[in-house]
Amino acid sequence: MNYLIPLPIILPAIGAALTLVTPNRIVQRAIALMTLTGLIALTVTLVMLVDARGTQVVQIGGWDAPVGITLVADRLSALMLAVSALVLFTVMWYAIAQGVRDGSKDEPVAVFMPAYLLLSMGVNMSFLAGDLFNLYVGFEVFLVASYVLLTLGASPGRVRAGVSYVMVSMLSSLVFLLALALIYAAVGTMNMAQISLRMEEIPAGTRGALFAVLLVAFGIKAAVFPLYSWLPDSYPTAPALVTAVFAGLLTKVGVYSIIRLRSVVFTDGRLDNWLMWAALATMIVGILGAMAQNDIKRLLSFTLVSHIGYMVMGISLGSALGLSGAIFYAVHHILVQTALFLVVGLIERQAGSSSLRRLGSLAYTSPLLAALYLLPALNLGGIPPFSGFLGKLLLLEAAAENGGTMAWLLVGGALITSLLTLYTMTLVWAKAFWRDRSDAPDGAMAFAQPRPLTETVNMVPVSERPDVGRMPVGMVLPTAILVSVSLAVTLLAGPISGITGRSADSAQDVNNYRNAVLGTEISAPGRTLPTGAEK
């Protein structure tokens with residue numbers, strides 16, 4: 001069933017082309033939803049297939065590795081594909097219900113769906129890439145799409161944020177290209193399995209330098225300290241639905257890339273100590289930034305940065321348990337962070353603002369909205385027995401098992417960050433939901449009736465929408481689904497942690513990866529296969 005592996009890339013590419021040439025908006029929406037529904041079914045099938053049969057590989061065009069383009073689906077990549085497909089579908093449903101805009105009649109609705117599907121294609125290509133060059137291509141595909149999505153409406157604020165985002169992304173891409181050139185000069189190949197073999201013959205100092213350059217490129221994309229400052233300035237200016245998918249997925253592609261390179265290519269752990277310091281600083285600086293914010297979008301953007309630190313922490317510990325915790329936490333965070341940003345979109349729709357200085361009384365005026373916020377907020381804060389608590393527990397156990405001084409510092413940093421995250425989430429609850437709106441510093445501004453939204457066709461107003469100030473069912477349902485799925489991760493934590501544990505084992509089994517890609521029995525000196533790994 002190897003023919004299934006390229007389909008997560010091909011399917012959204014076809015969907016993007018069809019939506020681009022389809023003038024009818026209803027047909028365009030149907031194509032997008034059918035494409036993403038098919039993507040969910042496909043990726044869930046891949047998860048079951050790979051978990052049962054081990055790593056699956058397809059050589060595009062019949063050219064064997066390392067000459068041709070290799071796509072690799074192992075437990076890690078299949079799991080990330082499935083979670084991403086669910087998030088992409090729910091956000092698309094939310095976008096269609098919202099009208100793919102948040103108040104401006106000038107937003108180019110028609111370009112949203114092709115760009116969104118191209119973003120899906122780029123993300124999936126990054127997860128499946130078996131060589132560094134096509135990993136770079138996947139990054140560029142979703143980055144080009146993200147430029148369009150980030151600047152929807154072309155308002156001055158979004159254009160400024162878009163320019164900043166483009167400049168930082170171009171810098172990251174240039175660093176990535178430099179790393180590709182250096183690696184090719186050192187080992188003469190781009191295929192990750194073959195790079196892994198040849199890298200053993202490279203001096204340790206050179207290996208460390210090559211990995212450091214890649215870490216800079218991936219660190220920018222993942223928003224790891226000190227390369228994070230672009231994110232809180234770029235994400236809050238975009239529509240809530242765009243910010244949701246960016247926050248949920250794009251940073252995790254950077255985290256995934258660090259996991260893949262650390263597990264397959266740079267297996268000596270030479271830079272693990274630096275990653276530990278980066279993880280600690282990312283957690284602490286991110287959450288301190290969140291505490292200083294008065295806008296929920298910016299607050300959540302800083303918590304996003306902070307919780308990337310937990311994933312980097314798991315990677316830096318260099319153990320199967322640490323990596324399993326990082327993968328589990330990534331799955332949890334994709335769902336919870338996306339749900340919270342969708343809730344912010346509902347708050348903007350209901351109250352006309354996401355500023356804590358203007359909000360209040362939402363728990364009384366909209367109990368459903370309050371519940372949709374409270375559950376993922378407590379989950380993000382790590383309250384037992386939610387999945388956020390379980391993911392942190394796995395990471396803390398891995399750090400305690402490591403036993404080093406830096407590992408215990410990470411334990412302290414993780415606990416402090418968790419407590420401060422709970423504090424910031426509670427602060428939002430107290431200000432936006434619990435207090436009376438009249439007590440808010442700018443509460444009087446929130447009483448103003450939002451300007452009616454206008455449906456447009458070719459920029460010509462055709463009807464006034466009657467749902468201003470209210471939450472459409474089509475926006476509430478996908479948000480509730482994501483919140484429910486995040487709760488399901490808690491209820492099914494045992495089986496899911498089993499999958500993430502097997503994903504960590506297979507990701508660290510460099511011999512199996514080499515054998516699957518190159519088609520020969522290759523053994524790395526001094527390495528043993530993890531217990532239960534397929535041979």
# chains A, B, ... in the order shown; residues from 1 in each chain; ligands from 1
>>> residues_around(residues="A:Arg207", least_positions_apart="2", cutoff="12 Å", atoms="only C-alpha atoms", output="number ranges by chain")
A: 179, 182-183, 186-187, 195-196, 198-205, 209-214, 261-262, 265-271
>>> write_last_selection(atoms="N, CA, C and O atoms", output="compact mmCIF listing (two decimals), in the first residue's frame")
# COMPACT_ATOMS: atom_id res chain seq x y z
N ALA A 179 22.90 25.65 5.02
CA ALA A 179 23.13 24.35 5.67
C ALA A 179 23.12 23.22 4.64
O ALA A 179 23.96 22.30 4.70
N LEU A 182 26.43 23.27 2.80
CA LEU A 182 27.53 22.76 3.63
C LEU A 182 27.46 21.24 3.79
O LEU A 182 28.48 20.54 3.73
N ILE A 183 26.24 20.72 3.99
CA ILE A 183 26.09 19.28 4.15
C ILE A 183 26.44 18.55 2.85
O ILE A 183 27.12 17.51 2.87
N ALA A 186 30.04 18.35 2.46
CA ALA A 186 30.68 17.44 3.40
C ALA A 186 30.45 15.97 3.06
O ALA A 186 31.36 15.15 3.18
N VAL A 187 29.21 15.62 2.61
CA VAL A 187 28.90 14.20 2.42
C VAL A 187 28.43 13.85 1.02
O VAL A 187 28.27 12.67 0.69
N ILE A 195 22.96 10.50 4.33
CA ILE A 195 23.70 11.49 5.13
C ILE A 195 24.04 10.89 6.48
O ILE A 195 25.17 11.05 6.99
N SER A 196 23.08 10.17 7.07
CA SER A 196 23.31 9.55 8.38
C SER A 196 24.49 8.59 8.34
O SER A 196 25.32 8.55 9.26
N ARG A 198 27.06 8.56 6.06
CA ARG A 198 28.32 9.24 5.75
C ARG A 198 28.76 10.20 6.85
O ARG A 198 29.95 10.51 6.96
N MET A 199 27.80 10.68 7.64
CA MET A 199 28.14 11.62 8.69
C MET A 199 29.02 10.98 9.77
O MET A 199 29.73 11.68 10.50
N GLU A 200 28.99 9.64 9.86
CA GLU A 200 29.84 8.95 10.84
C GLU A 200 31.32 9.10 10.52
O GLU A 200 32.17 8.95 11.41
N GLU A 201 31.63 9.41 9.27
CA GLU A 201 33.02 9.57 8.87
C GLU A 201 33.50 11.02 8.99
O GLU A 201 34.67 11.31 8.75
N ILE A 202 32.59 11.92 9.34
CA ILE A 202 32.91 13.34 9.45
C ILE A 202 33.38 13.62 10.88
O ILE A 202 32.82 13.08 11.85
N PRO A 203 34.40 14.47 11.07
CA PRO A 203 34.84 14.82 12.44
C PRO A 203 33.70 15.37 13.28
O PRO A 203 32.79 16.04 12.78
N ALA A 204 33.78 15.08 14.58
CA ALA A 204 32.68 15.45 15.48
C ALA A 204 32.43 16.95 15.48
O ALA A 204 31.28 17.40 15.54
N GLY A 205 33.48 17.74 15.44
CA GLY A 205 33.32 19.19 15.44
C GLY A 205 32.58 19.68 14.20
O GLY A 205 31.73 20.58 14.29
N ALA A 209 28.91 21.58 13.98
CA ALA A 209 28.72 22.86 13.29
C ALA A 209 27.59 22.77 12.27
O ALA A 209 26.77 23.69 12.14
N LEU A 210 27.52 21.66 11.54
CA LEU A 210 26.45 21.49 10.55
C LEU A 210 25.08 21.44 11.22
O LEU A 210 24.12 22.06 10.76
N PHE A 211 25.00 20.72 12.33
CA PHE A 211 23.73 20.64 13.05
C PHE A 211 23.34 22.00 13.62
O PHE A 211 22.16 22.38 13.64
N ALA A 212 24.33 22.77 14.07
CA ALA A 212 24.05 24.08 14.63
C ALA A 212 23.42 25.01 13.58
O ALA A 212 22.49 25.76 13.89
N VAL A 213 23.92 24.94 12.34
CA VAL A 213 23.35 25.79 11.29
C VAL A 213 21.91 25.38 11.02
O VAL A 213 21.01 26.23 10.87
N LEU A 214 21.65 24.07 10.97
CA LEU A 214 20.27 23.61 10.77
C LEU A 214 19.37 24.01 11.93
O LEU A 214 18.21 24.37 11.73
N LEU A 261 16.07 15.30 12.39
CA LEU A 261 17.52 15.43 12.18
C LEU A 261 18.29 14.94 13.40
O LEU A 261 19.34 14.31 13.26
N ARG A 262 17.78 15.22 14.61
CA ARG A 262 18.47 14.77 15.82
C ARG A 262 18.42 13.25 15.93
O ARG A 262 19.41 12.62 16.40
N VAL A 265 20.13 11.78 11.77
CA VAL A 265 21.39 12.23 11.20
C VAL A 265 22.43 12.55 12.27
O VAL A 265 23.55 12.04 12.26
N PHE A 266 22.07 13.40 13.22
CA PHE A 266 23.03 13.86 14.24
C PHE A 266 22.72 13.14 15.55
O PHE A 266 22.19 13.73 16.49
N THR A 267 23.06 11.87 15.59
CA THR A 267 22.63 11.01 16.69
C THR A 267 23.57 11.03 17.89
O THR A 267 23.27 10.40 18.90
N ASP A 268 24.68 11.77 17.80
CA ASP A 268 25.66 11.74 18.90
C ASP A 268 25.27 12.63 20.07
O ASP A 268 25.90 12.57 21.13
N GLY A 269 24.26 13.48 19.91
CA GLY A 269 23.81 14.32 21.02
C GLY A 269 24.79 15.40 21.40
O GLY A 269 24.74 15.90 22.54
N ARG A 270 25.62 15.81 20.47
CA ARG A 270 26.68 16.77 20.78
C ARG A 270 26.12 18.13 21.23
O ARG A 270 26.73 18.82 22.05
N LEU A 271 24.97 18.51 20.69
CA LEU A 271 24.40 19.83 21.01
C LEU A 271 23.22 19.75 21.97
O LEU A 271 22.48 20.73 22.13
>>> closest_atom_pairs(of="stretch 395-440 of chain A", to="stretch 287-303 of chain A", cutoff="10 Å", atoms="only C-alpha atoms", output="JSON lines")
{"residue": "A:Ile416", "atom": "CA", "partner": "A:Ile287", "partner_atom": "CA", "distance": 9.3}
{"residue": "A:Thr417", "atom": "CA", "partner": "A:Ile287", "partner_atom": "CA", "distance": 6.4}
{"residue": "A:Ser418", "atom": "CA", "partner": "A:Ile287", "partner_atom": "CA", "distance": 8.9}
{"residue": "A:Leu419", "atom": "CA", "partner": "A:Ile287", "partner_atom": "CA", "distance": 9.8}
{"residue": "A:Leu420", "atom": "CA", "partner": "A:Ile287", "partner_atom": "CA", "distance": 6.7}
{"residue": "A:Thr421", "atom": "CA", "partner": "A:Ile287", "partner_atom": "CA", "distance": 6.6}
{"residue": "A:Tyr423", "atom": "CA", "partner": "A:Met291", "partner_atom": "CA", "distance": 8.3}
{"residue": "A:Thr424", "atom": "CA", "partner": "A:Met291", "partner_atom": "CA", "distance": 5.9}
{"residue": "A:Met425", "atom": "CA", "partner": "A:Leu300", "partner_atom": "CA", "distance": 9.1}
{"residue": "A:Leu427", "atom": "CA", "partner": "A:Met291", "partner_atom": "CA", "distance": 8.9}
{"residue": "A:Val428", "atom": "CA", "partner": "A:Ile296", "partner_atom": "CA", "distance": 7.4}
{"residue": "A:Lys431", "atom": "CA", "partner": "A:Asn294", "partner_atom": "CA", "distance": 10.0}
{"residue": "A:Ala432", "atom": "CA", "partner": "A:Ile296", "partner_atom": "CA", "distance": 9.3}
>>> residues_around(residues="stretch 376-378 of chain A", least_positions_apart="5", cutoff="9 Å", atoms="only C-alpha atoms", output="PyMOL selection string")
chain A and resi 335-337+339-340+371+383-384+386+388+421-422+425-426+429+483+486-487
>>> closest_residue(among="A:Trp408, A:Ile40, A:Leu150, A:Ser169", to="A:Thr90", atoms="only C-alpha atoms")
A:Ile40
>>> residues_around(residues="A:Tyr310", least_positions_apart="3", cutoff="8 Å", atoms="only C-alpha atoms", output="mmCIF file with N, CA, C and O atoms, in the first residue's frame")
data_model
loop_
_atom_site.group_PDB
_atom_site.id
_atom_site.type_symbol
_atom_site.label_atom_id
_atom_site.label_comp_id
_atom_site.auth_asym_id
_atom_site.auth_seq_id
_atom_site.Cartn_x
_atom_site.Cartn_y
_atom_site.Cartn_z
ATOM 1 N N ALA A 279 15.639 25.339 25.504
ATOM 2 C CA ALA A 279 14.317 24.938 25.981
ATOM 3 C C ALA A 279 13.942 25.697 27.246
ATOM 4 O O ALA A 279 12.812 26.201 27.378
ATOM 5 N N MET A 283 10.826 28.467 27.492
ATOM 6 C CA MET A 283 9.710 28.342 28.428
ATOM 7 C C MET A 283 9.537 29.594 29.277
ATOM 8 O O MET A 283 8.447 30.158 29.380
ATOM 9 N N SER A 306 6.214 29.771 24.640
ATOM 10 C CA SER A 306 6.623 29.132 25.891
ATOM 11 C C SER A 306 6.520 27.617 25.827
ATOM 12 O O SER A 306 7.431 26.899 26.252
ATOM 13 N N HIS A 307 5.432 27.114 25.258
ATOM 14 C CA HIS A 307 5.211 25.669 25.283
ATOM 15 C C HIS A 307 5.981 24.934 24.192
ATOM 16 O O HIS A 307 6.090 23.703 24.258
ATOM 17 N N MET A 313 12.587 20.561 25.145
ATOM 18 C CA MET A 313 13.085 19.882 26.349
ATOM 19 C C MET A 313 13.120 18.374 26.149
ATOM 20 O O MET A 313 14.116 17.709 26.443
ATOM 21 N N GLY A 314 12.023 17.815 25.645
ATOM 22 C CA GLY A 314 11.981 16.368 25.419
ATOM 23 C C GLY A 314 13.015 15.905 24.421
ATOM 24 O O GLY A 314 13.646 14.852 24.602
ATOM 25 N N ALA A 326 7.865 14.479 24.190
ATOM 26 C CA ALA A 326 7.826 15.607 23.264
ATOM 27 C C ALA A 326 6.761 15.396 22.185
ATOM 28 O O ALA A 326 6.029 16.329 21.827
ATOM 29 N N TYR A 329 3.324 15.682 23.751
ATOM 30 C CA TYR A 329 3.006 17.071 24.045
ATOM 31 C C TYR A 329 2.730 17.853 22.765
ATOM 32 O O TYR A 329 1.889 18.770 22.764
ATOM 33 N N LYS A 392 3.267 16.829 30.415
ATOM 34 C CA LYS A 392 4.314 17.397 31.271
ATOM 35 C C LYS A 392 4.887 16.336 32.197
ATOM 36 O O LYS A 392 6.098 16.309 32.474
ATOM 37 N N LEU A 395 7.447 14.298 30.425
ATOM 38 C CA LEU A 395 8.689 15.050 30.250
ATOM 39 C C LEU A 395 9.458 15.164 31.567
ATOM 40 O O LEU A 395 10.694 15.043 31.588
ATOM 41 N N ALA A 414 10.126 23.917 33.935
ATOM 42 C CA ALA A 414 8.845 23.397 33.432
ATOM 43 C C ALA A 414 7.726 23.590 34.453
ATOM 44 O O ALA A 414 6.592 23.946 34.097
#
>>> select_by_dssp(residues="stretch 130-361 of chain A", states="strand (DSSP E or B)", output="list of chain:residue names")
A:Asp131, A:Asn191, A:Asp295, A:Ser355
>>> atom_distance(atom1="atom CA of A:Gly38", atom2="atom CA of A:Val485")
18.6 Å
>>> closest_residue(among="A:Val123, A:Ala193, A:Ile220, A:Leu46", to="A:Leu174", atoms="only C-alpha atoms")
A:Ile220
>>> closest_residue(among="A:Met190, A:Leu372, A:Ile31, A:Ala223", to="A:Trp93", atoms="only C-alpha atoms")
A:Ile31
>>> atom_distance(atom1="atom CA of A:Phe246", atom2="atom CA of A:Ile315")
21.8 Å
>>> residues_around(residues="A:Thr251", least_positions_apart="6", cutoff="10 Å", atoms="only C-alpha atoms", output="number ranges by chain")
A: 218-224, 231, 245, 304-305, 308, 334
>>> write_last_selection(atoms="N, CA, C and O atoms", output="mmCIF file, in the first residue's frame")
data_model
loop_
_atom_site.group_PDB
_atom_site.id
_atom_site.type_symbol
_atom_site.label_atom_id
_atom_site.label_comp_id
_atom_site.auth_asym_id
_atom_site.auth_seq_id
_atom_site.Cartn_x
_atom_site.Cartn_y
_atom_site.Cartn_z
ATOM 1 N N PHE A 218 15.749 25.826 11.733
ATOM 2 C CA PHE A 218 14.548 25.232 12.309
ATOM 3 C C PHE A 218 14.094 25.991 13.561
ATOM 4 O O PHE A 218 12.900 26.048 13.862
ATOM 5 N N GLY A 219 15.053 26.550 14.300
ATOM 6 C CA GLY A 219 14.714 27.309 15.500
ATOM 7 C C GLY A 219 13.907 28.553 15.182
ATOM 8 O O GLY A 219 13.020 28.938 15.943
ATOM 9 N N ILE A 220 14.210 29.194 14.053
ATOM 10 C CA ILE A 220 13.410 30.352 13.631
ATOM 11 C C ILE A 220 11.986 29.898 13.319
ATOM 12 O O ILE A 220 11.006 30.529 13.742
ATOM 13 N N LYS A 221 11.848 28.826 12.589
ATOM 14 C CA LYS A 221 10.515 28.349 12.197
ATOM 15 C C LYS A 221 9.716 27.854 13.402
ATOM 16 O O LYS A 221 8.492 27.998 13.445
ATOM 17 N N ALA A 222 10.413 27.255 14.373
ATOM 18 C CA ALA A 222 9.735 26.742 15.564
ATOM 19 C C ALA A 222 9.568 27.801 16.645
ATOM 20 O O ALA A 222 8.915 27.550 17.653
ATOM 21 N N ALA A 223 10.164 28.989 16.455
ATOM 22 C CA ALA A 223 10.102 30.088 17.443
ATOM 23 C C ALA A 223 10.761 29.695 18.758
ATOM 24 O O ALA A 223 10.202 29.880 19.845
ATOM 25 N N VAL A 224 11.978 29.156 18.668
ATOM 26 C CA VAL A 224 12.763 28.802 19.850
ATOM 27 C C VAL A 224 13.612 29.997 20.259
ATOM 28 O O VAL A 224 14.154 30.705 19.404
ATOM 29 N N LEU A 231 7.278 36.015 16.096
ATOM 30 C CA LEU A 231 5.965 35.367 16.164
ATOM 31 C C LEU A 231 4.901 36.226 16.858
ATOM 32 O O LEU A 231 3.811 36.415 16.314
ATOM 33 N N VAL A 245 -4.440 28.090 12.732
ATOM 34 C CA VAL A 245 -3.739 27.038 12.004
ATOM 35 C C VAL A 245 -2.230 27.287 12.002
ATOM 36 O O VAL A 245 -1.431 26.352 12.052
ATOM 37 N N LEU A 304 2.267 30.168 23.216
ATOM 38 C CA LEU A 304 2.710 29.261 22.157
ATOM 39 C C LEU A 304 4.223 29.135 22.168
ATOM 40 O O LEU A 304 4.772 28.023 22.137
ATOM 41 N N VAL A 305 4.915 30.277 22.218
ATOM 42 C CA VAL A 305 6.381 30.255 22.284
ATOM 43 C C VAL A 305 6.832 29.470 23.506
ATOM 44 O O VAL A 305 7.713 28.599 23.431
ATOM 45 N N ILE A 308 6.513 25.655 23.214
ATOM 46 C CA ILE A 308 7.489 25.036 22.319
ATOM 47 C C ILE A 308 8.689 24.552 23.135
ATOM 48 O O ILE A 308 9.314 23.526 22.829
ATOM 49 N N ILE A 334 -0.963 20.950 19.597
ATOM 50 C CA ILE A 334 -1.587 21.291 18.310
ATOM 51 C C ILE A 334 -3.091 21.450 18.488
ATOM 52 O O ILE A 334 -3.693 22.431 18.027
#
>>> atom_distance(atom1="atom CA of A:Ile284", atom2="atom CA of A:Gly382")
15.7 Å
>>> residues_around(residues="stretch 2-15 of chain A", least_positions_apart="6", cutoff="10 Å", atoms="only C-alpha atoms", output="PyMOL selection string")
chain A and resi 28+31-36+38-40+42-43+45-46+49+56-60+70-73+78+81-82+85+113-114+116-128+138
>>> select_by_dssp(residues="stretch 213-443 of chain A", states="helix (DSSP H, G or I)", output="JSON, numbers by chain")
{"A": [213, 214, 215, 216, 217, 218, 219, 220, 221, 222, 230, 231, 232, 233, 234, 235, 236, 237, 240, 241, 242, 243, 244, 245, 246, 247, 248, 249, 250, 251, 252, 253, 254, 255, 256, 257, 258, 259, 260, 261, 262, 263, 264, 272, 273, 274, 275, 276, 277, 278, 279, 280, 281, 282, 283, 284, 285, 286, 287, 288, 289, 290, 291, 296, 297, 298, 299, 300, 301, 302, 303, 304, 305, 306, 307, 308, 309, 310, 311, 312, 313, 314, 315, 316, 320, 321, 322, 323, 324, 325, 326, 327, 328, 329, 330, 331, 332, 333, 334, 335, 336, 337, 338, 339, 340, 341, 342, 343, 344, 345, 346, 347, 348, 349, 350, 351, 362, 363, 364, 365, 367, 368, 369, 370, 371, 372, 373, 374, 375, 376, 377, 378, 379, 380, 381, 387, 388, 389, 390, 391, 392, 393, 394, 395, 396, 397, 398, 399, 400, 401, 402, 405, 406, 407, 408, 409, 410, 411, 412, 413, 414, 415, 416, 417, 418, 419, 420, 421, 422, 423, 424, 425, 426, 427, 428, 429, 430, 431, 432, 433, 434, 437, 438, 439, 443]}
>>> residues_around(residues="A:Val91", least_positions_apart="6", cutoff="8 Å", atoms="only C-alpha atoms", output="PyMOL selection string")
chain A and resi 241+244-245+342+478
>>> closest_residue(among="A:Asn511, A:Thr282, A:Ser77, A:Ser257", to="A:Leu227", atoms="only C-alpha atoms")
A:Thr282
>>> closest_residue(among="A:Trp274, A:Phe225, A:Phe328, A:Tyr147", to="A:Gly286", atoms="only C-alpha atoms")
A:Phe225
